[in-house]
Amino acid sequence: LMLLTISRTIDSGPEMLGGMMVVLQYSLVILLTPSLASGLISGERESGGWKLLQMTPLSPLQIVTGKLLSVLGTLVMVMLATLPGYVVILLIDKNQLPVVITVLQSLLIMAIFAMLLSAALSSLFARTAAATAAAYSILVGICAGSMVFWLGRGAPFSHTVVERVLTLNPVAAALSITGTPGFAQYNLVPANWWIMIGGSVVCLIVLVGRTWQLSRPS
């Protein structure tokens, strides 16, 4: 995929490579994060390990922190593995450095949101399968479902309507940063960042609150 993209970049410019990198990285995050984080709490409850955690002196915040760090480490390694693609972009055009930094910031915010969302759902569902299905449904709905409005841009949806809907979509926001054709005309950042950060805070509150509730003696 990278070789094909690089060969096409010669004719299409670095925007094509940047768009392909965004799709590749965000697809990895969406595919991997729910499978890693949606069983953090529900998996312990299913296996009976949660009762052992209740007998330890660990606070709910310490339990949540430890489990989130285990997922975050894997996600960081996945994101680092795709960094060489951005090196190629910089070799083609050194002026793309601010764009690359902004895209990486957007990716990090998206990864944290996906992790906290999956973990929060894990604390709400008693079964890992249900939590995983819910996490995938929400993430795919946000990132792919909103693209329906983009496909209908111009008719029947106006530019303003499409831009407002795409503001919820972190993939579209990253594509707009890289100047990918079809997305460059939309101003989605930093509004999308604030939405992702706000969603992350809500998910973290739900996760900590639910973990504290489950940690209480039954």
# chains A, B, ... in the order shown; residues from 1 in each chain; ligands from 1
$ select_by_dssp --residues "stretch 112-201 of chain A" --states "alpha helix (DSSP H)" --output "MDAnalysis selection string"
chainID A and resid 112:124 128:140 147:151 159:166 170:178 191:201
$ closest_residue --among "A:Gly198, A:Gly209, A:Pro190, A:Gly39" --to "A:Val103" --atoms "only C-alpha atoms"
A:Pro190
$ residues_around --residues "A:Gly145" --least-positions-apart "2" --cutoff "12 Å" --atoms "only C-alpha atoms" --output "list in words"
Ser137, Ile138, Leu139, Val140, Gly141, Ile142, Cys143, Met147, Val148, Phe149, Trp150, Leu151, Val165, Leu166, Leu168, Asn169, Val171 and Ala172 of chain A
$ closest_residue --among "A:Ala126, A:Ile109, A:Met115, A:Leu175" --to "A:Met21" --atoms "only C-alpha atoms"
A:Leu175
$ atom_distance --atom1 "atom CA of A:Ile41" --atom2 "atom CA of A:Ala129"
12.1 Å
$ atom_distance --atom1 "atom CA of A:Lys51" --atom2 "atom CA of A:Val64"
15.3 Å
$ closest_residue --among "A:Thr82, A:Thr132, A:Gln105, A:Gln213" --to "A:Leu40" --atoms "only C-alpha atoms"
A:Thr132
$ closest_residue --among "A:Trp194, A:Phe125, A:Tyr26, A:Tyr86" --to "A:Glu44" --atoms "only C-alpha atoms"
A:Phe125
$ residues_around --residues "A:Gly18" --least-positions-apart "6" --cutoff "9 Å" --atoms "only C-alpha atoms" --output "ChimeraX atom specification"
/A:85-86,89,100,175,178-180
$ write_last_selection --atoms "all heavy atoms" --output "PDB file, in the first residue's frame"
ATOM      1  N   GLY A  85       6.161   6.599   7.358  1.00  0.00           N
ATOM      2  CA  GLY A  85       5.404   7.153   6.238  1.00  0.00           C
ATOM      3  C   GLY A  85       5.440   8.670   6.226  1.00  0.00           C
ATOM      4  O   GLY A  85       5.505   9.290   5.161  1.00  0.00           O
ATOM      5  N   TYR A  86       5.418   9.268   7.405  1.00  0.00           N
ATOM      6  CA  TYR A  86       5.493  10.724   7.476  1.00  0.00           C
ATOM      7  C   TYR A  86       6.895  11.228   7.147  1.00  0.00           C
ATOM      8  O   TYR A  86       7.057  12.360   6.682  1.00  0.00           O
ATOM      9  CB  TYR A  86       5.064  11.195   8.865  1.00  0.00           C
ATOM     10  CG  TYR A  86       3.588  10.999   9.125  1.00  0.00           C
ATOM     11  CD1 TYR A  86       3.134   9.999   9.978  1.00  0.00           C
ATOM     12  CD2 TYR A  86       2.637  11.802   8.500  1.00  0.00           C
ATOM     13  CE1 TYR A  86       1.785   9.811  10.210  1.00  0.00           C
ATOM     14  CE2 TYR A  86       1.285  11.628   8.721  1.00  0.00           C
ATOM     15  CZ  TYR A  86       0.863  10.621   9.582  1.00  0.00           C
ATOM     16  OH  TYR A  86      -0.472  10.429   9.799  1.00  0.00           O
ATOM     17  N   ILE A  89       6.900  11.776   3.581  1.00  0.00           N
ATOM     18  CA  ILE A  89       6.238  13.037   3.228  1.00  0.00           C
ATOM     19  C   ILE A  89       7.207  14.207   3.384  1.00  0.00           C
ATOM     20  O   ILE A  89       7.280  15.096   2.531  1.00  0.00           O
ATOM     21  CB  ILE A  89       4.992  13.250   4.116  1.00  0.00           C
ATOM     22  CG1 ILE A  89       3.949  12.170   3.832  1.00  0.00           C
ATOM     23  CG2 ILE A  89       4.389  14.633   3.878  1.00  0.00           C
ATOM     24  CD1 ILE A  89       2.715  12.266   4.704  1.00  0.00           C
ATOM     25  N   VAL A 100       2.249  17.606   9.434  1.00  0.00           N
ATOM     26  CA  VAL A 100       2.506  16.303  10.044  1.00  0.00           C
ATOM     27  C   VAL A 100       2.321  16.377  11.556  1.00  0.00           C
ATOM     28  O   VAL A 100       1.690  15.505  12.169  1.00  0.00           O
ATOM     29  CB  VAL A 100       3.927  15.817   9.696  1.00  0.00           C
ATOM     30  CG1 VAL A 100       4.295  14.593  10.525  1.00  0.00           C
ATOM     31  CG2 VAL A 100       4.027  15.501   8.211  1.00  0.00           C
ATOM     32  N   LEU A 175      -8.030  14.486   7.525  1.00  0.00           N
ATOM     33  CA  LEU A 175      -7.959  14.624   6.069  1.00  0.00           C
ATOM     34  C   LEU A 175      -8.011  16.084   5.650  1.00  0.00           C
ATOM     35  O   LEU A 175      -7.374  16.484   4.673  1.00  0.00           O
ATOM     36  CB  LEU A 175      -9.097  13.841   5.407  1.00  0.00           C
ATOM     37  CG  LEU A 175      -9.005  12.307   5.501  1.00  0.00           C
ATOM     38  CD1 LEU A 175     -10.276  11.667   4.944  1.00  0.00           C
ATOM     39  CD2 LEU A 175      -7.778  11.788   4.756  1.00  0.00           C
ATOM     40  N   THR A 178      -4.501  17.586   6.132  1.00  0.00           N
ATOM     41  CA  THR A 178      -3.535  17.228   5.090  1.00  0.00           C
ATOM     42  C   THR A 178      -3.879  17.827   3.735  1.00  0.00           C
ATOM     43  O   THR A 178      -3.086  17.715   2.790  1.00  0.00           O
ATOM     44  CB  THR A 178      -3.456  15.694   4.938  1.00  0.00           C
ATOM     45  OG1 THR A 178      -4.762  15.179   4.582  1.00  0.00           O
ATOM     46  CG2 THR A 178      -2.996  15.042   6.238  1.00  0.00           C
ATOM     47  N   GLY A 179      -5.051  18.445   3.621  1.00  0.00           N
ATOM     48  CA  GLY A 179      -5.448  19.037   2.347  1.00  0.00           C
ATOM     49  C   GLY A 179      -5.887  18.013   1.328  1.00  0.00           C
ATOM     50  O   GLY A 179      -5.777  18.257   0.116  1.00  0.00           O
ATOM     51  N   THR A 180      -6.389  16.868   1.780  1.00  0.00           N
ATOM     52  CA  THR A 180      -6.852  15.824   0.873  1.00  0.00           C
ATOM     53  C   THR A 180      -8.011  16.338   0.027  1.00  0.00           C
ATOM     54  O   THR A 180      -8.935  16.976   0.559  1.00  0.00           O
ATOM     55  CB  THR A 180      -7.302  14.587   1.672  1.00  0.00           C
ATOM     56  OG1 THR A 180      -6.223  14.126   2.484  1.00  0.00           O
ATOM     57  CG2 THR A 180      -7.736  13.466   0.736  1.00  0.00           C
TER      58      THR A 180
END
$ residues_around --residues "stretch 32-38 of chain A" --least-positions-apart "5" --cutoff "6 Å" --atoms "only C-alpha atoms" --output "list in words"
Met115, Ser118, Ala119, Ser122, Ala131, Thr132 and Ala135 of chain A
